[in-house]
Amino acid sequence: MGIETAVFQLLTAQPDISGLCASRIYPNTAPQGAAIPYCTYQIISNTEDLVHEGAGGLKTTRFQINAVGGRYADTITLDDGLKTLHGTTTSAGGCNINLISYEDSDDRHDTDLDYHYRSVDLIFYYTEV
């Protein structure tokens with residue numbers, strides 16, 4: 001268990017996301033031929049605060065969440081679900097999450113596949129149990 005498990009649990013528990021994606025939430029990349037819409041998540045950066053005695057226990061991990069849909073409206077709905085996590089304090093995946101911060105997003109379109117997707121950065125501040 002760990003922060004990756006926590007992210008998966010939080011994404012699958014969010015109604016806007018699970019309503020469109022069901023369990024199609026994948027680490028790093030989606031399997032080839034995966035049905036859309038779906039989400040992927042990956043770690044962009046990972047740090048741990050230091051104190052005089054060494055590691056302080058508070059960790060900060062930035063995730064990129066990619067919301068992929070066949071329709072632009074699907075990516076908006078998925079993004080709305082991600083925005084509800086902003087400011088959240090919770091426990092999941094063996095982590096005590098002190099704060100989730102919605103940082104930024106950008107839209108993209110894959111012309112070959114005709115997929116719309118929005119990349120969102122979420123920062124998790126947490127300690128592991």
# chains A, B, ... in the order shown; residues from 1 in each chain; ligands from 1
>>> residues_around(residues="Asn96 of chain A", least_positions_apart="4", cutoff="9 Å", atoms="only C-alpha atoms", output="PyMOL selection string")
chain A and resi 89-92+125-129
>>> write_last_selection(atoms="N, CA, C and O atoms", output="CSV table (one decimal), in the first residue's frame")
chain,number,residue,atom,x,y,z
A,89,THR,N,-8.8,16.3,3.0
A,89,THR,CA,-8.0,15.7,4.1
A,89,THR,C,-8.7,14.4,4.3
A,89,THR,O,-9.9,14.3,4.6
A,90,THR,N,-7.9,13.3,4.2
A,90,THR,CA,-8.5,11.9,4.4
A,90,THR,C,-7.4,10.9,4.7
A,90,THR,O,-6.2,11.2,4.7
A,91,SER,N,-7.8,9.7,4.9
A,91,SER,CA,-6.9,8.5,5.0
A,91,SER,C,-7.3,7.5,3.9
A,91,SER,O,-8.5,7.3,3.7
A,92,ALA,N,-6.3,7.0,3.2
A,92,ALA,CA,-6.6,6.0,2.2
A,92,ALA,C,-5.2,5.4,1.8
A,92,ALA,O,-4.2,6.0,1.9
A,125,TYR,N,0.0,15.9,0.1
A,125,TYR,CA,0.8,16.1,1.2
A,125,TYR,C,0.4,15.1,2.2
A,125,TYR,O,-0.8,15.1,2.7
A,126,TYR,N,1.3,14.2,2.7
A,126,TYR,CA,0.8,13.0,3.5
A,126,TYR,C,1.9,12.4,4.3
A,126,TYR,O,3.1,12.7,4.1
A,127,THR,N,1.5,11.5,5.2
A,127,THR,CA,2.4,10.7,5.9
A,127,THR,C,1.9,9.2,5.7
A,127,THR,O,0.7,9.0,5.5
A,128,GLU,N,2.9,8.3,5.8
A,128,GLU,CA,2.5,6.9,5.6
A,128,GLU,C,2.3,6.3,7.0
A,128,GLU,O,3.0,6.7,8.0
A,129,VAL,N,1.2,5.5,7.1
A,129,VAL,CA,0.9,4.9,8.4
A,129,VAL,C,1.8,3.7,8.7
A,129,VAL,O,2.1,3.0,7.9
>>> select_by_dssp(residues="segment 48-120 of chain A", states="alpha helix (DSSP H)", output="list of chain:residue names")
A:Tyr72, A:Ala73, A:Asp74, A:Thr75, A:Ile76, A:Thr77, A:Leu78, A:Asp79, A:Asp80, A:Gly81, A:Leu82, A:Lys83
>>> closest_residue(among="A:Ile3, A:Gln42, A:Asp16, A:Ala73", to="Ile97 of chain A", atoms="only C-alpha atoms")
A:Ile3
>>> residues_around(residues="Ala34 of chain A", least_positions_apart="6", cutoff="12 Å", atoms="only C-alpha atoms", output="PyMOL selection string")
chain A and resi 21+23-26+40+68-70
>>> select_by_dssp(residues="chain A", states="strand (DSSP E or B)", output="MDAnalysis selection string")
chainID A and resid 25:27 38:51 54:69 90:92 95:110 115:128
>>> residues_around(residues="Leu78 of chain A", least_positions_apart="2", cutoff="7 Å", atoms="only C-alpha atoms", output="PyMOL selection string")
chain A and resi 16-17+67+74-76+80-82
>>> atom_distance(atom1="atom CA of Asp114 of chain A", atom2="atom CA of Tyr102 of chain A")
26.6 Å
>>> closest_residue(among="A:Thr5, A:Tyr115, A:Leu99, A:Tyr38", to="Lys59 of chain A", atoms="only C-alpha atoms")
A:Leu99
